[in-house]
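Enquirer: What follows is upload_27.pdb, made up of PDB, C-alpha atoms, pLDDT in the B column:
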ATOM      1  CA  MET A   8      91.259   8.110  -6.683  1.00 94.00           C
ATOM      2  CA  LYS A   9      90.278  11.796  -6.839  1.00 96.00           C
ATOM      3  CA  ILE A  10      93.208  14.042  -7.830  1.00 97.00           C
ATOM      4  CA  VAL A  11      93.717  17.789  -8.151  1.00 97.00           C
ATOM      5  CA  ILE A  12      96.583  19.518  -9.968  1.00 97.00           C
ATOM      6  CA  VAL A  13      98.131  22.717  -8.608  1.00 97.00           C
ATOM      7  CA  ASP A  14     100.553  24.512 -10.939  1.00 95.00           C
ATOM      8  CA  ASP A  15     100.760  28.038 -12.329  1.00 93.00           C
ATOM      9  CA  HIS A  16     101.725  26.792 -15.800  1.00 93.00           C
ATOM     10  CA  PRO A  17      98.716  25.702 -17.928  1.00 94.00           C
ATOM     11  CA  LEU A  18     100.885  23.468 -20.107  1.00 94.00           C
ATOM     12  CA  VAL A  19     102.127  21.537 -17.072  1.00 94.00           C
ATOM     13  CA  ARG A  20      98.579  21.049 -15.805  1.00 95.00           C
ATOM     14  CA  GLN A  21      97.474  19.916 -19.254  1.00 95.00           C
ATOM     15  CA  GLY A  22     100.381  17.488 -19.512  1.00 94.00           C
ATOM     16  CA  ILE A  23      99.617  15.876 -16.160  1.00 95.00           C
ATOM     17  CA  ARG A  24      95.910  15.699 -16.965  1.00 95.00           C
ATOM     18  CA  SER A  25      96.642  13.989 -20.289  1.00 94.00           C
ATOM     19  CA  LEU A  26      98.964  11.510 -18.631  1.00 94.00           C
ATOM     20  CA  LEU A  27      96.522  10.550 -15.885  1.00 94.00           C
ATOM     21  CA  SER A  28      93.492  10.419 -18.187  1.00 90.00           C
ATOM     22  CA  LEU A  29      94.865   7.150 -19.568  1.00 85.00           C
ATOM     23  CA  GLU A  30      94.949   5.527 -16.131  1.00 91.00           C
ATOM     24  CA  LYS A  31      92.032   3.594 -14.651  1.00 90.00           C
ATOM     25  CA  GLY A  32      90.931   4.592 -11.176  1.00 91.00           C
ATOM     26  CA  MET A  33      92.390   8.119 -11.415  1.00 94.00           C
ATOM     27  CA  GLU A  34      89.985  11.041 -11.762  1.00 94.00           C
ATOM     28  CA  ILE A  35      91.103  14.674 -12.125  1.00 95.00           C
ATOM     29  CA  VAL A  36      88.503  16.688 -10.186  1.00 96.00           C
ATOM     30  CA  GLY A  37      90.039  20.133 -10.545  1.00 96.00           C
ATOM     31  CA  GLU A  38      93.002  22.395 -11.289  1.00 96.00           C
ATOM     32  CA  ALA A  39      94.383  25.467  -9.547  1.00 96.00           C
ATOM     33  CA  ALA A  40      97.108  27.998 -10.320  1.00 94.00           C
ATOM     34  CA  THR A  41      97.462  29.911  -7.039  1.00 93.00           C
ATOM     35  CA  PHE A  42      97.597  29.291  -3.291  1.00 94.00           C
ATOM     36  CA  SER A  43      94.041  30.501  -2.598  1.00 94.00           C
ATOM     37  CA  GLU A  44      92.582  28.629  -5.574  1.00 95.00           C
ATOM     38  CA  ALA A  45      94.321  25.449  -4.439  1.00 95.00           C
ATOM     39  CA  VAL A  46      93.096  25.605  -0.850  1.00 96.00           C
ATOM     40  CA  GLN A  47      89.525  26.392  -1.959  1.00 96.00           C
ATOM     41  CA  LEU A  48      89.615  23.567  -4.496  1.00 96.00           C
ATOM     42  CA  ILE A  49      90.876  21.017  -1.984  1.00 97.00           C
ATOM     43  CA  GLU A  50      88.297  22.119   0.586  1.00 96.00           C
ATOM     44  CA  LYS A  51      85.504  21.799  -1.966  1.00 96.00           C
ATOM     45  CA  GLN A  52      86.495  18.594  -3.767  1.00 96.00           C
ATOM     46  CA  ARG A  53      88.131  16.727  -0.857  1.00 97.00           C
ATOM     47  CA  PRO A  54      90.522  14.844  -3.181  1.00 97.00           C
ATOM     48  CA  ASN A  55      92.591  11.853  -2.140  1.00 96.00           C
ATOM     49  CA  LEU A  56      95.705  13.407  -3.676  1.00 97.00           C
ATOM     50  CA  ALA A  57      97.016  16.804  -4.737  1.00 97.00           C
ATOM     51  CA  ILE A  58      99.950  17.149  -7.126  1.00 97.00           C
ATOM     52  CA  VAL A  59     101.409  20.520  -6.169  1.00 97.00           C
ATOM     53  CA  ASP A  60     104.051  22.742  -7.741  1.00 95.00           C
ATOM     54  CA  LEU A  61     106.525  23.958  -5.114  1.00 91.00           C
ATOM     55  CA  ARG A  62     106.616  27.518  -6.447  1.00 88.00           C
ATOM     56  CA  LEU A  63     103.372  28.983  -7.737  1.00 88.00           C
ATOM     57  CA  GLY A  64     104.648  32.163  -9.363  1.00 78.00           C
ATOM     58  CA  GLU A  65     104.840  35.771  -8.218  1.00 72.00           C
ATOM     59  CA  SER A  66     101.076  36.308  -8.497  1.00 69.00           C
ATOM     60  CA  SER A  67     100.330  33.628  -5.909  1.00 73.00           C
ATOM     61  CA  GLU A  68      99.838  34.523  -2.237  1.00 86.00           C
ATOM     62  CA  GLY A  69     101.757  31.475  -1.115  1.00 89.00           C
ATOM     63  CA  SER A  70     103.908  28.554  -2.217  1.00 91.00           C
ATOM     64  CA  GLY A  71     103.069  24.929  -2.747  1.00 92.00           C
ATOM     65  CA  LEU A  72     104.283  24.133   0.759  1.00 92.00           C
ATOM     66  CA  ASP A  73     101.954  26.821   2.100  1.00 94.00           C
ATOM     67  CA  VAL A  74      99.115  24.955   0.400  1.00 95.00           C
ATOM     68  CA  VAL A  75     100.173  21.705   2.080  1.00 95.00           C
ATOM     69  CA  GLU A  76     100.562  23.226   5.549  1.00 94.00           C
ATOM     70  CA  THR A  77      97.298  25.205   5.349  1.00 95.00           C
ATOM     71  CA  CYS A  78      95.314  22.138   4.327  1.00 96.00           C
ATOM     72  CA  GLN A  79      96.899  20.104   7.097  1.00 94.00           C
ATOM     73  CA  LYS A  80      96.051  22.754   9.688  1.00 94.00           C
ATOM     74  CA  ARG A  81      92.438  22.734   8.495  1.00 94.00           C
ATOM     75  CA  GLY A  82      92.295  18.974   8.938  1.00 93.00           C
ATOM     76  CA  LEU A  83      91.790  18.186   5.261  1.00 94.00           C
ATOM     77  CA  LYS A  84      92.552  14.522   4.601  1.00 91.00           C
ATOM     78  CA  CYS A  85      94.556  14.850   1.422  1.00 96.00           C
ATOM     79  CA  LYS A  86      97.894  13.374   0.417  1.00 96.00           C
ATOM     80  CA  PHE A  87     100.452  15.525  -1.380  1.00 97.00           C
ATOM     81  CA  ILE A  88     103.076  15.013  -4.065  1.00 96.00           C
ATOM     82  CA  ILE A  89     105.372  17.965  -4.680  1.00 95.00           C
ATOM     83  CA  LEU A  90     106.391  18.391  -8.326  1.00 92.00           C
ATOM     84  CA  THR A  91     109.112  20.986  -8.854  1.00 90.00           C
ATOM     85  CA  SER A  92     111.960  22.159 -11.046  1.00 87.00           C
ATOM     86  CA  SER A  93     114.002  23.050  -7.945  1.00 80.00           C
ATOM     87  CA  PRO A  94     116.900  20.678  -7.144  1.00 80.00           C
ATOM     88  CA  SER A  95     117.468  22.513  -3.831  1.00 81.00           C
ATOM     89  CA  THR A  96     118.082  20.126  -0.939  1.00 77.00           C
ATOM     90  CA  LEU A  97     116.735  22.798   1.430  1.00 78.00           C
ATOM     91  CA  ASP A  98     113.401  22.838  -0.418  1.00 85.00           C
ATOM     92  CA  PHE A  99     113.382  19.034  -0.276  1.00 85.00           C
ATOM     93  CA  GLN A 100     114.033  18.998   3.470  1.00 80.00           C
ATOM     94  CA  LYS A 101     111.251  21.542   4.058  1.00 84.00           C
ATOM     95  CA  ALA A 102     108.852  19.347   2.085  1.00 87.00           C
ATOM     96  CA  CYS A 103     109.858  16.295   4.121  1.00 83.00           C
ATOM     97  CA  ALA A 104     109.323  18.280   7.317  1.00 82.00           C
ATOM     98  CA  ALA A 105     105.814  19.082   6.041  1.00 86.00           C
ATOM     99  CA  ASP A 106     105.255  15.306   5.781  1.00 87.00           C
ATOM    100  CA  VAL A 107     104.394  15.169   2.077  1.00 92.00           C
ATOM    101  CA  GLU A 108     103.979  11.752   0.481  1.00 93.00           C
ATOM    102  CA  GLY A 109     106.076  12.382  -2.608  1.00 92.00           C
ATOM    103  CA  TYR A 110     108.675  14.740  -4.074  1.00 93.00           C
ATOM    104  CA  LEU A 111     109.627  14.692  -7.753  1.00 93.00           C
ATOM    105  CA  LEU A 112     111.582  16.934 -10.067  1.00 91.00           C
ATOM    106  CA  LYS A 113     109.769  18.038 -13.223  1.00 91.00           C
ATOM    107  CA  GLU A 114     112.534  16.490 -15.275  1.00 90.00           C
ATOM    108  CA  ALA A 115     111.324  13.049 -14.125  1.00 90.00           C
ATOM    109  CA  PHE A 116     109.870  10.680 -16.716  1.00 92.00           C
ATOM    110  CA  PRO A 117     106.058  10.417 -16.878  1.00 92.00           C
ATOM    111  CA  GLU A 118     106.365   6.781 -15.778  1.00 93.00           C
ATOM    112  CA  GLU A 119     108.038   7.901 -12.554  1.00 94.00           C
ATOM    113  CA  LEU A 120     105.152  10.236 -11.714  1.00 94.00           C
ATOM    114  CA  LEU A 121     102.666   7.428 -12.357  1.00 94.00           C
ATOM    115  CA  MET A 122     104.687   5.078 -10.170  1.00 94.00           C
ATOM    116  CA  THR A 123     104.787   7.696  -7.396  1.00 94.00           C
ATOM    117  CA  ILE A 124     101.024   8.174  -7.509  1.00 95.00           C
ATOM    118  CA  LYS A 125     100.428   4.420  -7.357  1.00 94.00           C
ATOM    119  CA  LEU A 126     102.799   4.055  -4.401  1.00 94.00           C
ATOM    120  CA  VAL A 127     101.110   6.906  -2.547  1.00 94.00           C
ATOM    121  CA  ARG A 128      97.724   5.336  -3.238  1.00 93.00           C
ATOM    122  CA  LYS A 129      99.027   2.199  -1.493  1.00 93.00           C
ATOM    123  CA  GLY A 130     100.055   4.225   1.543  1.00 92.00           C
ATOM    124  CA  ARG A 131     103.755   4.458   0.714  1.00 93.00           C
ATOM    125  CA  LYS A 132     106.035   7.422   0.000  1.00 90.00           C
ATOM    126  CA  TYR A 133     108.425   8.169  -2.821  1.00 92.00           C
ATOM    127  CA  PHE A 134     111.115  10.847  -3.051  1.00 90.00           C
ATOM    128  CA  ASP A 135     113.515  11.671  -5.868  1.00 88.00           C
ATOM    129  CA  PRO A 136     116.434   9.245  -5.307  1.00 85.00           C
ATOM    130  CA  GLY A 137     119.061  11.810  -6.313  1.00 82.00           C
ATOM    131  CA  LEU A 138     117.871  14.320  -3.725  1.00 81.00           C
ATOM    132  CA  VAL A 139     117.658  11.671  -1.016  1.00 76.00           C
ATOM    133  CA  GLU A 140     121.225  10.596  -1.752  1.00 73.00           C
ATOM    134  CA  THR A 141     122.459  14.207  -1.679  1.00 69.00           C
ATOM    135  CA  VAL A 142     120.775  14.935   1.664  1.00 66.00           C
ATOM    136  CA  VAL A 143     122.157  11.768   3.244  1.00 64.00           C
ATOM    137  CA  TYR A 144     125.640  12.543   1.915  1.00 62.00           C
ATOM    138  CA  LYS A 145     125.531  16.076   3.295  1.00 63.00           C
ATOM    139  CA  LYS A 146     124.343  14.842   6.684  1.00 64.00           C
ATOM    140  CA  ASN A 147     127.135  12.289   6.851  1.00 66.00           C
ATOM    141  CA  GLN A 148     129.622  15.016   5.980  1.00 71.00           C
ATOM    142  CA  ALA A 149     128.167  17.210   8.713  1.00 72.00           C
ATOM    143  CA  TRP A 150     128.589  14.457  11.350  1.00 79.00           C
ATOM    144  CA  GLU A 151     132.226  14.131  10.419  1.00 79.00           C
ATOM    145  CA  LYS A 152     132.707  17.885  10.887  1.00 83.00           C
ATOM    146  CA  LEU A 153     131.639  17.660  14.533  1.00 89.00           C
ATOM    147  CA  THR A 154     134.361  17.431  17.152  1.00 91.00           C
ATOM    148  CA  THR A 155     134.431  14.379  19.420  1.00 91.00           C
ATOM    149  CA  LYS A 156     132.921  16.404  22.269  1.00 93.00           C
ATOM    150  CA  GLU A 157     130.186  17.800  20.013  1.00 93.00           C
ATOM    151  CA  GLN A 158     129.312  14.269  18.907  1.00 91.00           C
ATOM    152  CA  GLU A 159     129.063  13.192  22.547  1.00 93.00           C
ATOM    153  CA  VAL A 160     126.806  16.135  23.358  1.00 94.00           C
ATOM    154  CA  LEU A 161     124.580  15.416  20.346  1.00 92.00           C
ATOM    155  CA  LEU A 162     124.102  11.758  21.283  1.00 92.00           C
ATOM    156  CA  LEU A 163     123.210  12.645  24.869  1.00 93.00           C
ATOM    157  CA  LEU A 164     120.894  15.377  23.657  1.00 91.00           C
ATOM    158  CA  ALA A 165     119.092  12.791  21.508  1.00 88.00           C
ATOM    159  CA  GLU A 166     118.563  10.674  24.619  1.00 89.00           C
ATOM    160  CA  GLY A 167     116.545  13.528  26.074  1.00 89.00           C
ATOM    161  CA  LEU A 168     119.072  14.796  28.597  1.00 93.00           C
ATOM    162  CA  THR A 169     118.991  18.449  29.668  1.00 94.00           C
ATOM    163  CA  ASN A 170     122.029  20.699  29.413  1.00 94.00           C
ATOM    164  CA  ARG A 171     122.598  20.286  33.140  1.00 94.00           C
ATOM    165  CA  GLU A 172     122.445  16.491  32.895  1.00 95.00           C
ATOM    166  CA  ILE A 173     124.803  16.483  29.907  1.00 94.00           C
ATOM    167  CA  ALA A 174     127.228  18.740  31.781  1.00 94.00           C
ATOM    168  CA  LYS A 175     127.223  16.407  34.774  1.00 93.00           C
ATOM    169  CA  LYS A 176     127.755  13.332  32.628  1.00 91.00           C
ATOM    170  CA  LEU A 177     130.632  14.822  30.606  1.00 93.00           C
ATOM    171  CA  TYR A 178     132.204  16.697  33.545  1.00 92.00           C
ATOM    172  CA  ILE A 179     131.979  20.065  31.832  1.00 94.00           C
ATOM    173  CA  SER A 180     130.119  23.283  32.676  1.00 94.00           C
ATOM    174  CA  GLU A 181     126.542  23.910  31.621  1.00 94.00           C
ATOM    175  CA  SER A 182     127.637  27.002  29.667  1.00 94.00           C
ATOM    176  CA  THR A 183     130.088  24.823  27.726  1.00 95.00           C
ATOM    177  CA  VAL A 184     127.265  22.417  26.899  1.00 94.00           C
ATOM    178  CA  LYS A 185     125.149  25.315  25.606  1.00 95.00           C
ATOM    179  CA  LYS A 186     128.032  26.380  23.384  1.00 95.00           C
ATOM    180  CA  HIS A 187     128.449  22.837  22.039  1.00 95.00           C
ATOM    181  CA  VAL A 188     124.707  22.540  21.345  1.00 94.00           C
ATOM    182  CA  SER A 189     124.732  25.818  19.397  1.00 94.00           C
ATOM    183  CA  GLN A 190     127.720  24.666  17.348  1.00 93.00           C
ATOM    184  CA  VAL A 191     126.118  21.287  16.659  1.00 92.00           C
ATOM    185  CA  LEU A 192     122.880  22.876  15.419  1.00 91.00           C
ATOM    186  CA  ALA A 193     124.838  25.288  13.227  1.00 90.00           C
ATOM    187  CA  LYS A 194     127.032  22.593  11.672  1.00 88.00           C
ATOM    188  CA  LEU A 195     124.081  20.278  11.005  1.00 85.00           C
ATOM    189  CA  GLU A 196     121.959  23.198   9.747  1.00 82.00           C
ATOM    190  CA  LEU A 197     119.191  22.366  12.208  1.00 85.00           C
ATOM    191  CA  THR A 198     116.934  24.768  14.084  1.00 86.00           C
ATOM    192  CA  ASP A 199     116.264  23.031  17.393  1.00 88.00           C
ATOM    193  CA  ARG A 200     117.025  20.101  19.716  1.00 88.00           C
ATOM    194  CA  THR A 201     114.063  18.047  18.474  1.00 85.00           C
ATOM    195  CA  LYS A 202     115.376  18.088  14.905  1.00 84.00           C
ATOM    196  CA  ALA A 203     118.833  17.227  16.222  1.00 86.00           C
ATOM    197  CA  ALA A 204     117.412  14.183  17.993  1.00 84.00           C
ATOM    198  CA  PHE A 205     115.561  13.164  14.826  1.00 80.00           C
ATOM    199  CA  TYR A 206     118.827  13.473  12.897  1.00 79.00           C
ATOM    200  CA  VAL A 207     120.562  11.091  15.318  1.00 82.00           C
ATOM    201  CA  TYR A 208     117.857   8.437  15.021  1.00 76.00           C
ATOM    202  CA  SER A 209     117.383   8.849  11.251  1.00 69.00           C
ATOM    203  CA  GLN A 210     121.123   8.326  10.756  1.00 70.00           C
ATOM    204  CA  GLY A 211     121.108   5.210  12.946  1.00 69.00           C
ATOM    205  CA  LEU A 212     123.656   6.720  15.330  1.00 72.00           C
ATOM    206  CA  ILE A 213     121.679   5.312  18.267  1.00 67.00           C
ATOM    207  CA  GLU A 214     118.561   3.186  18.403  1.00 54.00           C
ATOM    208  CA  LYS A 215     115.247   4.076  19.969  1.00 51.00           C
ATOM    209  CA  ASN A 216     114.250   2.009  22.963  1.00 45.00           C
TER     210      ASN A 216
END
Please express what this file holds, its structure, as structure tokens.
Expert:
Amino acid sequence: MKIVIVDDHPLVRQGIRSLLSLEKGMEIVGEAATFSEAVQLIEKQRPNLAIVDLRLGESSEGSGLDVVETCQKRGLKCKFIILTSSPSTLDFQKACAADVEGYLLKEAFPEELLMTIKLVRKGRKYFDPGLVETVVYKKNQAWEKLTTKEQEVLLLLAEGLTNREIAKKLYISESTVKKHVSQVLAKLELTDRTKAAFYVYSQGLIEKN
């Protein structure tokens, strides 16, 4: 498995390299400290996996997520594990939206990083359990904050109904539906209807056909 390390701290890169050097079947083929270096390295080496720091320092032209998204847009077949000191659930959700294969805090034990790499190599994903639990808890709290009517609108929205169709089904005006949709997105901290639908299915509120 060909691996590259992307982090602006030399000591972190050295630590990861030392850890992986003891593992059979894992070859470090390069290191990078900035966005541009990382993208160039991945394009040149075509690694199977990149371990990427979320924040690459003020001197970098982009973040770790920018590296992921740029490589994906260029069609580079590389898997990504985000390694970060940020416990922010927003950062975690952005990484999940970018479809990374792993997300670990830098406070994790070396054994957990090795386990994550091995799982990713097998085609699986692994995310920091504490962050996953926090995100799920917050989403459950958000659902409970919705009014009964907002919950009804959200479930119908997830079924693919338009505002007009929802209005007809709930016997309310289309403008009222628009207001409910806006409130739902705000309370769930979501940006659009597609993400709202994904939220409904990911929470098991309704099942896909």
Enquirer: With distances taken over only C-alpha atoms, which of A:Ile58, A:Cys85, A:Leu212, A:Ile173 is nearest to Leu111 in chain A?
Expert: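 The shortest atom-to-atom distance to Leu111 in chain A comes from A:Ile58.
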Enquirer: Please determine, counting all atoms listed in the file, which residue among A:Glu38, A:Glu196, A:Glu119, A:Glu140 has the shortest atom-to-atom distance to His16 in chain A.
Expert: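 Of A:Glu38, A:Glu196, A:Glu119, A:Glu140, the one nearest His16 in chain A is A:Glu38, counting all atoms listed in the file.
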Enquirer: One decimal, in Å: what's the spacing between CA of Met122 in chain A and CA of Ser43 in chain A?
Expert: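 Between CA of Met122 in chain A and CA of Ser43 in chain A the gap works out to 28.6 Å.
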Enquirer: Could the residues of range 20-83 of chain A that have an atom at most 12 Å from range 124-136 of chain A be listed as a tab-separated table, each with its closest atom pair and the distance in Å to one decimal, counting all atoms listed in the file and ordered by chain and ascending residue number?
Expert:
residue	atom	partner	partner_atom	distance
A:Ile23	CA	A:Ile124	CA	11.7
A:Leu26	CA	A:Ile124	CA	11.8
A:Leu27	CA	A:Ile124	CA	9.8
A:Glu30	CA	A:Lys125	CA	10.4
A:Lys31	CA	A:Lys125	CA	11.2
A:Gly32	CA	A:Lys125	CA	10.2
A:Met33	CA	A:Ile124	CA	9.5
A:Pro54	CA	A:Arg128	CA	11.9
A:Asn55	CA	A:Arg128	CA	8.4
A:Leu56	CA	A:Arg128	CA	8.3
A:Ala57	CA	A:Ile124	CA	9.9
A:Ile58	CA	A:Ile124	CA	9.0
Enquirer: I'd like the interatomic distance between CA of Glu157 in chain A and CA of Leu177 in chain A, to a tenth of an Å.
Expert: 11.0 Å
Enquirer: For the provided coordinates, the residues matched by the PyMOL selection byres ((chain A and resi 41) around 10) should be stated as a PDB file with C-alpha atoms, in the coordinates of the input.
Expert:
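Ended up saving to expr-v4.pdb:
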ATOM      1  CA  VAL A  13      98.131  22.717  -8.608  1.00 97.00           C
ATOM      2  CA  ASP A  14     100.553  24.512 -10.939  1.00 95.00           C
ATOM      3  CA  ASP A  15     100.760  28.038 -12.329  1.00 93.00           C
ATOM      4  CA  GLU A  38      93.002  22.395 -11.289  1.00 96.00           C
ATOM      5  CA  ALA A  39      94.383  25.467  -9.547  1.00 96.00           C
ATOM      6  CA  ALA A  40      97.108  27.998 -10.320  1.00 94.00           C
ATOM      7  CA  PHE A  42      97.597  29.291  -3.291  1.00 94.00           C
ATOM      8  CA  SER A  43      94.041  30.501  -2.598  1.00 94.00           C
ATOM      9  CA  GLU A  44      92.582  28.629  -5.574  1.00 95.00           C
ATOM     10  CA  ALA A  45      94.321  25.449  -4.439  1.00 95.00           C
ATOM     11  CA  VAL A  46      93.096  25.605  -0.850  1.00 96.00           C
ATOM     12  CA  ASP A  60     104.051  22.742  -7.741  1.00 95.00           C
ATOM     13  CA  ARG A  62     106.616  27.518  -6.447  1.00 88.00           C
ATOM     14  CA  LEU A  63     103.372  28.983  -7.737  1.00 88.00           C
ATOM     15  CA  GLY A  64     104.648  32.163  -9.363  1.00 78.00           C
ATOM     16  CA  GLU A  65     104.840  35.771  -8.218  1.00 72.00           C
ATOM     17  CA  SER A  66     101.076  36.308  -8.497  1.00 69.00           C
ATOM     18  CA  SER A  67     100.330  33.628  -5.909  1.00 73.00           C
ATOM     19  CA  GLU A  68      99.838  34.523  -2.237  1.00 86.00           C
ATOM     20  CA  GLY A  69     101.757  31.475  -1.115  1.00 89.00           C
ATOM     21  CA  SER A  70     103.908  28.554  -2.217  1.00 91.00           C
ATOM     22  CA  GLY A  71     103.069  24.929  -2.747  1.00 92.00           C
ATOM     23  CA  VAL A  74      99.115  24.955   0.400  1.00 95.00           C
TER      24      VAL A  74
END
Enquirer: Run the PyMOL selection byres ((chain A and resi 191) around 10) against the file shown and list the residues it catches, as a VMD selection string.
Expert: chain A and resid 149 to 150 152 to 154 157 to 158 160 to 161 185 to 190 192 to 197 200 203
Enquirer: Enclose all atoms of range 180-190 of chain A listed in the file in an axis-aligned box, grow every side by 8 Å, and hand back centre and edge lengths in Å to one decimal, as JSON.
Expert:
{"center_x": 127.4, "center_y": 24.7, "center_z": 25.0, "size_x": 21.4, "size_y": 20.6, "size_z": 31.3}
Enquirer: Can you tell me how far CA of Val107 in chain A sits from CA of Lys202 in chain A, in Å to one decimal?
Expert: 17.1 Å
